[in-house]
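**Student:** Handing over query.txt, compact mmCIF, N, CA and C atoms.
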```txt
# COMPACT_ATOMS: atom_id res chain seq x y z
N MET A 5 20.16 8.82 29.27
CA MET A 5 19.03 8.26 29.99
C MET A 5 18.31 7.26 29.08
N PRO A 6 18.03 6.05 29.55
CA PRO A 6 17.35 5.05 28.72
C PRO A 6 15.87 5.41 28.53
N PRO A 7 15.24 4.82 27.52
CA PRO A 7 13.80 5.06 27.32
C PRO A 7 13.00 4.62 28.54
N ARG A 8 11.86 5.23 28.71
CA ARG A 8 10.97 4.95 29.86
C ARG A 8 10.20 3.66 29.64
N LYS A 9 10.20 2.81 30.65
CA LYS A 9 9.44 1.56 30.63
C LYS A 9 8.08 1.84 31.25
N ILE A 10 7.04 1.14 30.74
CA ILE A 10 5.70 1.32 31.28
C ILE A 10 4.98 -0.02 31.32
N ASN A 11 4.29 -0.30 32.41
CA ASN A 11 3.42 -1.46 32.49
C ASN A 11 2.04 -0.97 32.06
N LEU A 12 1.59 -1.42 30.91
CA LEU A 12 0.38 -0.87 30.32
C LEU A 12 -0.88 -1.13 31.14
N VAL A 13 -1.00 -2.30 31.73
CA VAL A 13 -2.20 -2.61 32.53
C VAL A 13 -2.22 -1.76 33.80
N GLU A 14 -1.08 -1.66 34.48
CA GLU A 14 -1.02 -0.83 35.69
C GLU A 14 -1.28 0.63 35.37
N ALA A 15 -0.71 1.13 34.28
CA ALA A 15 -0.92 2.52 33.89
C ALA A 15 -2.38 2.77 33.52
N ALA A 16 -3.01 1.81 32.85
CA ALA A 16 -4.43 1.95 32.50
C ALA A 16 -5.28 2.02 33.76
N ASP A 17 -5.00 1.15 34.72
CA ASP A 17 -5.76 1.16 35.97
C ASP A 17 -5.58 2.48 36.73
N ALA A 18 -4.39 3.03 36.69
CA ALA A 18 -4.09 4.25 37.43
C ALA A 18 -4.61 5.51 36.75
N LYS A 19 -4.64 5.53 35.41
CA LYS A 19 -4.90 6.78 34.71
C LYS A 19 -6.17 6.82 33.86
N ILE A 20 -6.74 5.67 33.55
CA ILE A 20 -7.93 5.67 32.68
C ILE A 20 -9.16 5.39 33.53
N SER A 21 -10.05 6.37 33.59
CA SER A 21 -11.23 6.22 34.44
C SER A 21 -12.51 5.95 33.65
N LYS A 22 -12.49 6.20 32.34
CA LYS A 22 -13.68 5.99 31.51
C LYS A 22 -13.41 4.93 30.45
N VAL A 23 -14.44 4.20 30.07
CA VAL A 23 -14.28 3.25 28.97
C VAL A 23 -14.26 4.00 27.65
N PHE A 24 -13.63 3.38 26.67
CA PHE A 24 -13.49 3.94 25.32
C PHE A 24 -12.86 5.33 25.32
N ASP A 25 -11.87 5.52 26.20
CA ASP A 25 -11.12 6.77 26.28
C ASP A 25 -9.65 6.44 26.05
N PRO A 26 -9.24 6.31 24.78
CA PRO A 26 -7.86 5.88 24.50
C PRO A 26 -6.82 6.88 25.00
N HIS A 27 -5.74 6.33 25.53
CA HIS A 27 -4.59 7.11 25.99
C HIS A 27 -3.37 6.65 25.21
N ILE A 28 -2.50 7.59 24.90
CA ILE A 28 -1.29 7.27 24.15
C ILE A 28 -0.26 6.66 25.09
N ALA A 29 0.20 5.46 24.74
CA ALA A 29 1.26 4.81 25.50
C ALA A 29 2.63 5.17 24.94
N GLY A 30 2.70 5.41 23.64
CA GLY A 30 3.97 5.76 23.02
C GLY A 30 3.82 6.04 21.54
N ASP A 31 4.78 6.76 21.01
CA ASP A 31 4.83 7.09 19.58
C ASP A 31 5.85 6.21 18.90
N VAL A 32 5.48 5.67 17.75
CA VAL A 32 6.37 4.83 16.96
C VAL A 32 6.33 5.35 15.53
N ASN A 33 7.35 6.10 15.16
CA ASN A 33 7.39 6.76 13.85
C ASN A 33 6.13 7.60 13.68
N ASN A 34 5.31 7.36 12.68
CA ASN A 34 4.09 8.14 12.48
C ASN A 34 2.85 7.45 13.06
N SER A 35 3.07 6.46 13.89
CA SER A 35 1.97 5.72 14.51
C SER A 35 2.02 5.87 16.02
N GLN A 36 0.96 5.38 16.66
CA GLN A 36 0.90 5.42 18.11
C GLN A 36 0.39 4.10 18.67
N ALA A 37 0.91 3.75 19.83
CA ALA A 37 0.36 2.66 20.62
C ALA A 37 -0.59 3.32 21.60
N LYS A 38 -1.86 2.91 21.57
CA LYS A 38 -2.88 3.51 22.41
C LYS A 38 -3.51 2.43 23.28
N VAL A 39 -3.84 2.78 24.51
CA VAL A 39 -4.45 1.84 25.44
C VAL A 39 -5.81 2.38 25.85
N ALA A 40 -6.78 1.48 25.94
CA ALA A 40 -8.12 1.86 26.38
C ALA A 40 -8.74 0.72 27.16
N LYS A 41 -9.67 1.09 28.03
CA LYS A 41 -10.56 0.13 28.64
C LYS A 41 -11.81 0.11 27.77
N PHE A 42 -12.30 -1.07 27.46
CA PHE A 42 -13.48 -1.17 26.61
C PHE A 42 -14.74 -1.27 27.46
N GLY A 43 -15.84 -0.77 26.90
CA GLY A 43 -17.13 -0.82 27.56
C GLY A 43 -18.06 -1.76 26.84
N GLU A 44 -19.32 -1.65 27.22
CA GLU A 44 -20.33 -2.60 26.76
C GLU A 44 -20.50 -2.63 25.24
N ILE A 45 -20.52 -1.47 24.60
CA ILE A 45 -20.70 -1.44 23.15
C ILE A 45 -20.19 -0.12 22.59
N PHE A 46 -19.65 -0.14 21.40
CA PHE A 46 -19.08 1.03 20.74
C PHE A 46 -19.86 1.30 19.46
N ASP A 47 -19.51 2.35 18.76
CA ASP A 47 -20.16 2.70 17.50
C ASP A 47 -19.67 1.81 16.36
N TRP A 48 -20.57 1.49 15.44
CA TRP A 48 -20.14 0.90 14.18
C TRP A 48 -19.34 1.95 13.44
N HIS A 49 -18.18 1.57 12.91
CA HIS A 49 -17.35 2.52 12.18
C HIS A 49 -16.33 1.77 11.33
N ALA A 50 -15.67 2.52 10.47
CA ALA A 50 -14.56 2.00 9.67
C ALA A 50 -13.47 3.07 9.64
N HIS A 51 -12.28 2.65 9.33
CA HIS A 51 -11.17 3.58 9.12
C HIS A 51 -10.84 3.48 7.64
N ASP A 52 -11.19 4.51 6.90
CA ASP A 52 -11.11 4.45 5.44
C ASP A 52 -9.68 4.33 4.91
N ASN A 53 -8.70 4.89 5.64
CA ASN A 53 -7.34 4.96 5.10
C ASN A 53 -6.28 4.23 5.92
N GLU A 54 -6.68 3.53 6.98
CA GLU A 54 -5.67 2.87 7.81
C GLU A 54 -6.19 1.58 8.41
N ASP A 55 -5.27 0.65 8.59
CA ASP A 55 -5.56 -0.58 9.33
C ASP A 55 -5.53 -0.24 10.81
N GLU A 56 -6.16 -1.10 11.62
CA GLU A 56 -6.16 -0.91 13.07
C GLU A 56 -5.88 -2.26 13.72
N ALA A 57 -4.91 -2.28 14.64
CA ALA A 57 -4.54 -3.51 15.32
C ALA A 57 -4.98 -3.47 16.77
N PHE A 58 -5.46 -4.62 17.28
CA PHE A 58 -5.91 -4.74 18.66
C PHE A 58 -5.17 -5.91 19.33
N LEU A 59 -4.65 -5.69 20.53
CA LEU A 59 -4.06 -6.74 21.36
C LEU A 59 -4.71 -6.66 22.73
N VAL A 60 -5.36 -7.73 23.15
CA VAL A 60 -6.02 -7.75 24.45
C VAL A 60 -4.98 -8.01 25.54
N LEU A 61 -4.88 -7.07 26.47
CA LEU A 61 -3.92 -7.19 27.57
C LEU A 61 -4.55 -7.81 28.81
N ARG A 62 -5.84 -7.54 29.02
CA ARG A 62 -6.56 -8.11 30.15
C ARG A 62 -8.04 -8.23 29.80
N GLY A 63 -8.63 -9.34 30.17
CA GLY A 63 -10.06 -9.54 29.95
C GLY A 63 -10.38 -10.14 28.60
N ARG A 64 -11.62 -9.96 28.19
CA ARG A 64 -12.10 -10.50 26.91
C ARG A 64 -12.93 -9.44 26.20
N ILE A 65 -12.78 -9.40 24.87
CA ILE A 65 -13.57 -8.48 24.05
C ILE A 65 -14.13 -9.24 22.85
N ALA A 66 -15.05 -8.60 22.17
CA ALA A 66 -15.50 -9.06 20.86
C ALA A 66 -15.39 -7.88 19.92
N ILE A 67 -15.07 -8.17 18.69
CA ILE A 67 -15.16 -7.17 17.64
C ILE A 67 -16.21 -7.68 16.67
N ASP A 68 -17.31 -6.93 16.59
CA ASP A 68 -18.39 -7.30 15.69
C ASP A 68 -18.05 -6.82 14.29
N PHE A 69 -18.26 -7.70 13.33
CA PHE A 69 -18.18 -7.36 11.92
C PHE A 69 -19.56 -7.62 11.34
N ARG A 70 -19.87 -7.06 10.20
CA ARG A 70 -21.21 -7.22 9.62
C ARG A 70 -21.54 -8.68 9.34
N ASP A 71 -20.52 -9.52 9.17
CA ASP A 71 -20.79 -10.94 8.91
C ASP A 71 -20.51 -11.83 10.12
N GLY A 72 -20.40 -11.22 11.33
CA GLY A 72 -20.24 -12.01 12.54
C GLY A 72 -19.15 -11.47 13.45
N PRO A 73 -19.18 -11.86 14.74
CA PRO A 73 -18.20 -11.37 15.71
C PRO A 73 -16.95 -12.24 15.76
N VAL A 74 -15.86 -11.64 16.23
CA VAL A 74 -14.63 -12.36 16.57
C VAL A 74 -14.35 -12.06 18.04
N GLU A 75 -14.23 -13.12 18.86
CA GLU A 75 -13.95 -12.96 20.27
C GLU A 75 -12.45 -13.09 20.52
N LEU A 76 -11.94 -12.24 21.41
CA LEU A 76 -10.52 -12.24 21.74
C LEU A 76 -10.33 -12.25 23.25
N GLY A 77 -9.36 -13.02 23.71
CA GLY A 77 -8.99 -13.07 25.12
C GLY A 77 -7.59 -12.53 25.31
N GLU A 78 -7.12 -12.61 26.53
CA GLU A 78 -5.78 -12.09 26.85
C GLU A 78 -4.73 -12.70 25.93
N GLY A 79 -3.94 -11.83 25.34
CA GLY A 79 -2.88 -12.26 24.44
C GLY A 79 -3.31 -12.39 23.00
N ASP A 80 -4.62 -12.31 22.72
CA ASP A 80 -5.10 -12.42 21.34
C ASP A 80 -4.93 -11.10 20.60
N PHE A 81 -4.63 -11.23 19.31
CA PHE A 81 -4.29 -10.09 18.45
C PHE A 81 -5.07 -10.19 17.15
N ILE A 82 -5.54 -9.05 16.66
CA ILE A 82 -6.24 -9.02 15.37
C ILE A 82 -5.94 -7.70 14.67
N VAL A 83 -5.87 -7.75 13.36
CA VAL A 83 -5.74 -6.55 12.54
C VAL A 83 -7.04 -6.39 11.77
N VAL A 84 -7.67 -5.23 11.91
CA VAL A 84 -8.87 -4.91 11.14
C VAL A 84 -8.40 -4.09 9.94
N PRO A 85 -8.56 -4.65 8.73
CA PRO A 85 -8.09 -3.93 7.54
C PRO A 85 -8.86 -2.63 7.30
N ARG A 86 -8.18 -1.69 6.69
CA ARG A 86 -8.82 -0.40 6.37
C ARG A 86 -10.12 -0.63 5.60
N GLY A 87 -11.09 0.20 5.90
CA GLY A 87 -12.37 0.14 5.20
C GLY A 87 -13.35 -0.90 5.71
N VAL A 88 -12.94 -1.76 6.65
CA VAL A 88 -13.83 -2.81 7.16
C VAL A 88 -14.61 -2.27 8.35
N GLU A 89 -15.93 -2.28 8.24
CA GLU A 89 -16.78 -1.78 9.31
C GLU A 89 -16.74 -2.75 10.50
N HIS A 90 -16.61 -2.19 11.70
CA HIS A 90 -16.50 -3.01 12.90
C HIS A 90 -17.02 -2.25 14.12
N ARG A 91 -17.23 -3.00 15.20
CA ARG A 91 -17.74 -2.42 16.45
C ARG A 91 -17.17 -3.22 17.62
N PRO A 92 -16.21 -2.66 18.36
CA PRO A 92 -15.66 -3.36 19.52
C PRO A 92 -16.63 -3.32 20.71
N ARG A 93 -16.52 -4.33 21.56
CA ARG A 93 -17.31 -4.34 22.80
C ARG A 93 -16.64 -5.27 23.81
N SER A 94 -16.95 -5.04 25.08
CA SER A 94 -16.35 -5.85 26.13
C SER A 94 -17.18 -7.10 26.36
N LEU A 95 -16.50 -8.16 26.78
CA LEU A 95 -17.16 -9.38 27.22
C LEU A 95 -16.94 -9.60 28.71
N THR A 96 -15.98 -8.86 29.28
CA THR A 96 -15.72 -8.86 30.72
C THR A 96 -15.69 -7.41 31.17
N SER A 97 -15.64 -7.19 32.45
CA SER A 97 -15.65 -5.84 32.99
C SER A 97 -14.36 -5.09 32.66
N GLU A 98 -14.50 -4.01 31.91
CA GLU A 98 -13.41 -3.11 31.56
C GLU A 98 -12.11 -3.78 31.13
N PRO A 99 -12.15 -4.57 30.07
CA PRO A 99 -10.90 -5.15 29.58
C PRO A 99 -9.95 -4.04 29.12
N VAL A 100 -8.66 -4.34 29.16
CA VAL A 100 -7.63 -3.39 28.75
C VAL A 100 -7.07 -3.86 27.40
N VAL A 101 -7.07 -2.94 26.42
CA VAL A 101 -6.70 -3.29 25.05
C VAL A 101 -5.66 -2.31 24.53
N LEU A 102 -4.64 -2.85 23.87
CA LEU A 102 -3.63 -2.04 23.19
C LEU A 102 -4.03 -1.96 21.73
N MET A 103 -4.04 -0.75 21.20
CA MET A 103 -4.32 -0.54 19.78
C MET A 103 -3.11 0.11 19.13
N PHE A 104 -2.83 -0.28 17.92
CA PHE A 104 -1.71 0.30 17.19
C PHE A 104 -2.24 0.82 15.87
N GLU A 105 -2.01 2.13 15.63
CA GLU A 105 -2.59 2.77 14.43
C GLU A 105 -1.85 4.07 14.15
N PRO A 106 -2.03 4.65 12.96
CA PRO A 106 -1.41 5.95 12.69
C PRO A 106 -1.85 7.00 13.71
N ALA A 107 -0.98 7.93 14.01
CA ALA A 107 -1.26 8.95 15.03
C ALA A 107 -2.50 9.78 14.71
N THR A 108 -2.84 9.90 13.45
CA THR A 108 -3.98 10.74 13.04
C THR A 108 -5.32 10.01 13.11
N THR A 109 -5.32 8.73 13.48
CA THR A 109 -6.54 7.93 13.48
C THR A 109 -7.47 8.34 14.63
N LEU A 110 -8.72 8.64 14.29
CA LEU A 110 -9.74 8.89 15.31
C LEU A 110 -10.33 7.56 15.75
N ASN A 111 -10.64 7.45 17.03
CA ASN A 111 -11.15 6.17 17.56
C ASN A 111 -12.47 5.75 16.93
N THR A 112 -13.28 6.70 16.48
CA THR A 112 -14.55 6.36 15.86
C THR A 112 -14.48 6.40 14.33
N GLY A 113 -13.28 6.51 13.79
CA GLY A 113 -13.10 6.46 12.34
C GLY A 113 -14.00 7.42 11.61
N ASN A 114 -14.82 6.88 10.71
CA ASN A 114 -15.69 7.71 9.87
C ASN A 114 -17.05 7.99 10.51
N ALA A 115 -17.23 7.63 11.78
CA ALA A 115 -18.50 7.85 12.48
C ALA A 115 -18.27 8.77 13.68
N LYS A 116 -18.61 10.02 13.55
CA LYS A 116 -18.42 10.96 14.66
C LYS A 116 -19.60 10.82 15.63
N SER A 117 -19.28 10.79 16.95
CA SER A 117 -20.33 10.65 17.96
C SER A 117 -19.81 11.20 19.28
N ASP A 118 -20.60 11.01 20.33
CA ASP A 118 -20.17 11.40 21.67
C ASP A 118 -18.97 10.58 22.15
N LEU A 119 -18.70 9.45 21.50
CA LEU A 119 -17.57 8.61 21.87
C LEU A 119 -16.26 9.02 21.17
N THR A 120 -16.34 9.96 20.22
CA THR A 120 -15.14 10.40 19.50
C THR A 120 -14.21 11.15 20.45
N VAL A 121 -12.94 10.74 20.46
CA VAL A 121 -11.92 11.40 21.28
C VAL A 121 -10.85 11.93 20.34
N SER A 122 -10.76 13.27 20.25
CA SER A 122 -9.79 13.85 19.33
C SER A 122 -8.57 14.41 20.05
N ASP A 123 -8.65 14.63 21.36
CA ASP A 123 -7.53 15.15 22.13
C ASP A 123 -7.13 14.08 23.16
N LEU A 124 -6.22 13.21 22.76
CA LEU A 124 -5.85 12.09 23.61
C LEU A 124 -4.87 12.49 24.70
N LYS A 125 -5.05 11.88 25.86
CA LYS A 125 -4.12 12.05 26.98
C LYS A 125 -3.03 10.98 26.85
N ARG A 126 -1.95 11.15 27.59
CA ARG A 126 -0.86 10.19 27.60
C ARG A 126 -0.83 9.43 28.92
N LEU A 127 -0.43 8.15 28.82
CA LEU A 127 -0.25 7.37 30.04
C LEU A 127 0.98 7.82 30.78
```
Can you give me the file's structure in the form of structure tokens?
**Tutor:**
Amino acid sequence: MPPRKINLVEAADAKISKVFDPHIAGDVNNSQAKVAKFGEIFDWHAHDNEDEAFLVLRGRIAIDFRDGPVELGEGDFIVVPRGVEHRPRSLTSEPVVLMFEPATTLNTGNAKSDLTVSDLKRL
């Protein structure tokens, strides 16, 4: 049986009902591809031991850094290096974003809050 194909935007629309609730799209060695809809504003945080990659699949987002924001649209990709404090936020209604990071990475990194998701669902 061949590997399962998934349309990430369609799966996000069908299965993700809350913003900033990452779902696992697939496992790649010791990392995971995670999909989330972004909301108005997230917590400032950093990932002390891992880089985090973002690919915008639909809509527009900004990632705030302490020295200024970076705006991303559909198809735009950015890697946030480990230890760099950042805060993602939406610029359009519920954009869909693919994140690639180690499987052990918490979405809020070193900042625990009500937005922390430790038990991820799968698409």
**Student:** What is the atom N of Asp52 in chain A to CA of Gly87 in chain A distance in Å?
**Tutor:** 4.8 Å
**Student:** In terms of the shortest atom-to-atom distance over only C-alpha atoms, which of A:Leu61, A:Val84, A:Leu76, A:Ala115 is closest to Phe46 in chain A?
**Tutor:**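 Result for the nearest residue to Phe46 in chain A: A:Ala115.
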**Student:** For a test of reading the model, state the distance in Å between atom C of Pro92 in chain A and atom N of Asp25 in chain A, rounded to one decimal.
**Tutor:**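 Taking atom C of Pro92 in chain A and atom N of Asp25 in chain A, their separation equals 11.4 Å.
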**Student:** Tell me, as a PDB file with N, CA and C atoms, keeping the file's coordinate frame, which residues lie within 9 Å of Leu12 in chain A, counting only C-alpha atoms; anything in the same chain fewer than 3 positions away does not count.
**Tutor:**
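Everything below was put into around_12.pdb:
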```
ATOM      1  N   ALA A  15      -0.710   1.130  34.280  1.00  0.00           N
ATOM      2  CA  ALA A  15      -0.920   2.520  33.890  1.00  0.00           C
ATOM      3  C   ALA A  15      -2.380   2.770  33.520  1.00  0.00           C
ATOM      4  N   ALA A  16      -3.010   1.810  32.850  1.00  0.00           N
ATOM      5  CA  ALA A  16      -4.430   1.950  32.500  1.00  0.00           C
ATOM      6  C   ALA A  16      -5.280   2.020  33.760  1.00  0.00           C
ATOM      7  N   ASP A  17      -5.000   1.150  34.720  1.00  0.00           N
ATOM      8  CA  ASP A  17      -5.760   1.160  35.970  1.00  0.00           C
ATOM      9  C   ASP A  17      -5.580   2.480  36.730  1.00  0.00           C
ATOM     10  N   ALA A  29       0.200   5.460  24.740  1.00  0.00           N
ATOM     11  CA  ALA A  29       1.260   4.810  25.500  1.00  0.00           C
ATOM     12  C   ALA A  29       2.630   5.170  24.940  1.00  0.00           C
ATOM     13  N   VAL A  39      -3.840   2.780  24.510  1.00  0.00           N
ATOM     14  CA  VAL A  39      -4.450   1.840  25.440  1.00  0.00           C
ATOM     15  C   VAL A  39      -5.810   2.380  25.850  1.00  0.00           C
ATOM     16  N   LEU A  61      -4.880  -7.070  26.470  1.00  0.00           N
ATOM     17  CA  LEU A  61      -3.920  -7.190  27.570  1.00  0.00           C
ATOM     18  C   LEU A  61      -4.550  -7.810  28.810  1.00  0.00           C
ATOM     19  N   VAL A 100      -8.660  -4.340  29.160  1.00  0.00           N
ATOM     20  CA  VAL A 100      -7.630  -3.390  28.750  1.00  0.00           C
ATOM     21  C   VAL A 100      -7.070  -3.860  27.400  1.00  0.00           C
ATOM     22  N   LEU A 102      -4.640  -2.850  23.870  1.00  0.00           N
ATOM     23  CA  LEU A 102      -3.630  -2.040  23.190  1.00  0.00           C
ATOM     24  C   LEU A 102      -4.030  -1.960  21.730  1.00  0.00           C
ATOM     25  N   LEU A 127      -0.430   8.150  28.820  1.00  0.00           N
ATOM     26  CA  LEU A 127      -0.250   7.370  30.040  1.00  0.00           C
ATOM     27  C   LEU A 127       0.980   7.820  30.780  1.00  0.00           C
TER      28      LEU A 127
END
```
**Student:** Pick out the closest residue to Glu54 in chain A from this set: A:Val88, A:Val101, A:Val23, A:Val74. Count all atoms listed in the file.
**Tutor:**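 Ranking A:Val88, A:Val101, A:Val23, A:Val74 by distance to Glu54 in chain A, first place goes to A:Val88.
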**Student:** Name the residues of range 7-49 of chain A that come out as alpha helix (DSSP H) in a backbone DSSP run; write them as a list in words.
**Tutor:**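 Listing alpha helix (DSSP H) positions across range 7-49 of chain A yields Leu12, Val13, Glu14, Ala15, Ala16, Asp17, Ala18 and Lys19 of chain A.
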**Student:** I'd like the contact shell of Lys38 in chain A - 6.5 Å cut-off, only N, CA and C atoms, skipping same-chain residues fewer than 3 positions apart - returned as a list in words.
**Tutor:**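 After dropping sequence-adjacent residues, the list is Pro26, His27, Ile28, Ala29, Gly30, Val101, Leu102, Met103, Phe104 and Glu105 of chain A.
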**Student:** In Å, with one decimal, what is the gap from CA of Pro7 in chain A to CA of Phe81 in chain A?
**Tutor:**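 Rounded to one decimal, the two atoms are 25.2 Å apart.
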**Student:** For Arg62 in chain A, which residue among A:Leu119, A:Val13, A:Ile20, A:Ala37 is the nearest when counting all atoms listed in the file?
**Tutor:**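 Residue with the minimum atom-to-atom distance to Arg62 in chain A: A:Val13.
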**Student:** Pick out each residue of chain A that DSSP on the backbone tags as strand (DSSP E or B); I need them as a compact mmCIF listing (two decimals) with N, CA and C atoms, in the coordinates of the input.
**Tutor:**
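Produced file part29.txt, reproduced below:
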```
# COMPACT_ATOMS: atom_id res chain seq x y z
N HIS A 27 -5.74 6.33 25.53
CA HIS A 27 -4.59 7.11 25.99
C HIS A 27 -3.37 6.65 25.21
N ILE A 28 -2.50 7.59 24.90
CA ILE A 28 -1.29 7.27 24.15
C ILE A 28 -0.26 6.66 25.09
N ALA A 29 0.20 5.46 24.74
CA ALA A 29 1.26 4.81 25.50
C ALA A 29 2.63 5.17 24.94
N GLY A 30 2.70 5.41 23.64
CA GLY A 30 3.97 5.76 23.02
C GLY A 30 3.82 6.04 21.54
N ASP A 31 4.78 6.76 21.01
CA ASP A 31 4.83 7.09 19.58
C ASP A 31 5.85 6.21 18.90
N VAL A 32 5.48 5.67 17.75
CA VAL A 32 6.37 4.83 16.96
C VAL A 32 6.33 5.35 15.53
N SER A 35 3.07 6.46 13.89
CA SER A 35 1.97 5.72 14.51
C SER A 35 2.02 5.87 16.02
N GLN A 36 0.96 5.38 16.66
CA GLN A 36 0.90 5.42 18.11
C GLN A 36 0.39 4.10 18.67
N ALA A 37 0.91 3.75 19.83
CA ALA A 37 0.36 2.66 20.62
C ALA A 37 -0.59 3.32 21.60
N LYS A 38 -1.86 2.91 21.57
CA LYS A 38 -2.88 3.51 22.41
C LYS A 38 -3.51 2.43 23.28
N VAL A 39 -3.84 2.78 24.51
CA VAL A 39 -4.45 1.84 25.44
C VAL A 39 -5.81 2.38 25.85
N ALA A 40 -6.78 1.48 25.94
CA ALA A 40 -8.12 1.86 26.38
C ALA A 40 -8.74 0.72 27.16
N LYS A 41 -9.67 1.09 28.03
CA LYS A 41 -10.56 0.13 28.64
C LYS A 41 -11.81 0.11 27.77
N HIS A 49 -18.18 1.57 12.91
CA HIS A 49 -17.35 2.52 12.18
C HIS A 49 -16.33 1.77 11.33
N GLU A 56 -6.16 -1.10 11.62
CA GLU A 56 -6.16 -0.91 13.07
C GLU A 56 -5.88 -2.26 13.72
N ALA A 57 -4.91 -2.28 14.64
CA ALA A 57 -4.54 -3.51 15.32
C ALA A 57 -4.98 -3.47 16.77
N PHE A 58 -5.46 -4.62 17.28
CA PHE A 58 -5.91 -4.74 18.66
C PHE A 58 -5.17 -5.91 19.33
N LEU A 59 -4.65 -5.69 20.53
CA LEU A 59 -4.06 -6.74 21.36
C LEU A 59 -4.71 -6.66 22.73
N VAL A 60 -5.36 -7.73 23.15
CA VAL A 60 -6.02 -7.75 24.45
C VAL A 60 -4.98 -8.01 25.54
N LEU A 61 -4.88 -7.07 26.47
CA LEU A 61 -3.92 -7.19 27.57
C LEU A 61 -4.55 -7.81 28.81
N ARG A 62 -5.84 -7.54 29.02
CA ARG A 62 -6.56 -8.11 30.15
C ARG A 62 -8.04 -8.23 29.80
N ILE A 65 -12.78 -9.40 24.87
CA ILE A 65 -13.57 -8.48 24.05
C ILE A 65 -14.13 -9.24 22.85
N ALA A 66 -15.05 -8.60 22.17
CA ALA A 66 -15.50 -9.06 20.86
C ALA A 66 -15.39 -7.88 19.92
N ILE A 67 -15.07 -8.17 18.69
CA ILE A 67 -15.16 -7.17 17.64
C ILE A 67 -16.21 -7.68 16.67
N ASP A 68 -17.31 -6.93 16.59
CA ASP A 68 -18.39 -7.30 15.69
C ASP A 68 -18.05 -6.82 14.29
N PHE A 69 -18.26 -7.70 13.33
CA PHE A 69 -18.18 -7.36 11.92
C PHE A 69 -19.56 -7.62 11.34
N GLY A 72 -20.40 -11.22 11.33
CA GLY A 72 -20.24 -12.01 12.54
C GLY A 72 -19.15 -11.47 13.45
N PRO A 73 -19.18 -11.86 14.74
CA PRO A 73 -18.20 -11.37 15.71
C PRO A 73 -16.95 -12.24 15.76
N VAL A 74 -15.86 -11.64 16.23
CA VAL A 74 -14.63 -12.36 16.57
C VAL A 74 -14.35 -12.06 18.04
N GLU A 75 -14.23 -13.12 18.86
CA GLU A 75 -13.95 -12.96 20.27
C GLU A 75 -12.45 -13.09 20.52
N LEU A 76 -11.94 -12.24 21.41
CA LEU A 76 -10.52 -12.24 21.74
C LEU A 76 -10.33 -12.25 23.25
N PHE A 81 -4.63 -11.23 19.31
CA PHE A 81 -4.29 -10.09 18.45
C PHE A 81 -5.07 -10.19 17.15
N ILE A 82 -5.54 -9.05 16.66
CA ILE A 82 -6.24 -9.02 15.37
C ILE A 82 -5.94 -7.70 14.67
N VAL A 83 -5.87 -7.75 13.36
CA VAL A 83 -5.74 -6.55 12.54
C VAL A 83 -7.04 -6.39 11.77
N VAL A 84 -7.67 -5.23 11.91
CA VAL A 84 -8.87 -4.91 11.14
C VAL A 84 -8.40 -4.09 9.94
N HIS A 90 -16.61 -2.19 11.70
CA HIS A 90 -16.50 -3.01 12.90
C HIS A 90 -17.02 -2.25 14.12
N ARG A 91 -17.23 -3.00 15.20
CA ARG A 91 -17.74 -2.42 16.45
C ARG A 91 -17.17 -3.22 17.62
N PRO A 92 -16.21 -2.66 18.36
CA PRO A 92 -15.66 -3.36 19.52
C PRO A 92 -16.63 -3.32 20.71
N ARG A 93 -16.52 -4.33 21.56
CA ARG A 93 -17.31 -4.34 22.80
C ARG A 93 -16.64 -5.27 23.81
N SER A 94 -16.95 -5.04 25.08
CA SER A 94 -16.35 -5.85 26.13
C SER A 94 -17.18 -7.10 26.36
N VAL A 100 -8.66 -4.34 29.16
CA VAL A 100 -7.63 -3.39 28.75
C VAL A 100 -7.07 -3.86 27.40
N VAL A 101 -7.07 -2.94 26.42
CA VAL A 101 -6.70 -3.29 25.05
C VAL A 101 -5.66 -2.31 24.53
N LEU A 102 -4.64 -2.85 23.87
CA LEU A 102 -3.63 -2.04 23.19
C LEU A 102 -4.03 -1.96 21.73
N MET A 103 -4.04 -0.75 21.20
CA MET A 103 -4.32 -0.54 19.78
C MET A 103 -3.11 0.11 19.13
N PHE A 104 -2.83 -0.28 17.92
CA PHE A 104 -1.71 0.30 17.19
C PHE A 104 -2.24 0.82 15.87
N GLU A 105 -2.01 2.13 15.63
CA GLU A 105 -2.59 2.77 14.43
C GLU A 105 -1.85 4.07 14.15
N PRO A 106 -2.03 4.65 12.96
CA PRO A 106 -1.41 5.95 12.69
C PRO A 106 -1.85 7.00 13.71
N LYS A 125 -5.05 11.88 25.86
CA LYS A 125 -4.12 12.05 26.98
C LYS A 125 -3.03 10.98 26.85
N ARG A 126 -1.95 11.15 27.59
CA ARG A 126 -0.86 10.19 27.60
C ARG A 126 -0.83 9.43 28.92
```
**Student:** Determine the nearest neighbour of Lys22 in chain A from the options A:Pro99, A:Gly79, A:Pro85, A:Pro73, counting only C-alpha atoms.
**Tutor:**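 Distance minimum relative to Lys22 in chain A lands on A:Pro99.
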**Student:** Centre and edge lengths of an axis-aligned box around all listed atoms of range 94-106 of chain A, with 6 Å added on each side, are to be given in Å to one decimal, as lines of an AutoDock Vina configuration file.
**Tutor:**
```
center_x = -9.3
center_y = -1.3
center_z = 22.8
size_x = 27.8
size_y = 28.6
size_z = 32.3
```
**Student:** Which of these residues is nearest to Arg126 in chain A, using all atoms listed in the file: A:Ile10, A:Phe58, A:Asn53, A:Lys19?
**Tutor:**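 Distance minimum relative to Arg126 in chain A lands on A:Lys19.
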**Student:** Excluding same-chain residues fewer than 6 positions from Glu75 in chain A, what lies within 8 Å of it counting only N, CA and C atoms, as a ChimeraX atom specification?
**Tutor:** /A:64-68
**Student:** In terms of the shortest atom-to-atom distance over only N, CA and C atoms, which of A:Lys125, A:Thr109, A:Phe69, A:Thr120 is closest to Ser35 in chain A?
**Tutor:**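 Distance minimum relative to Ser35 in chain A lands on A:Thr109.
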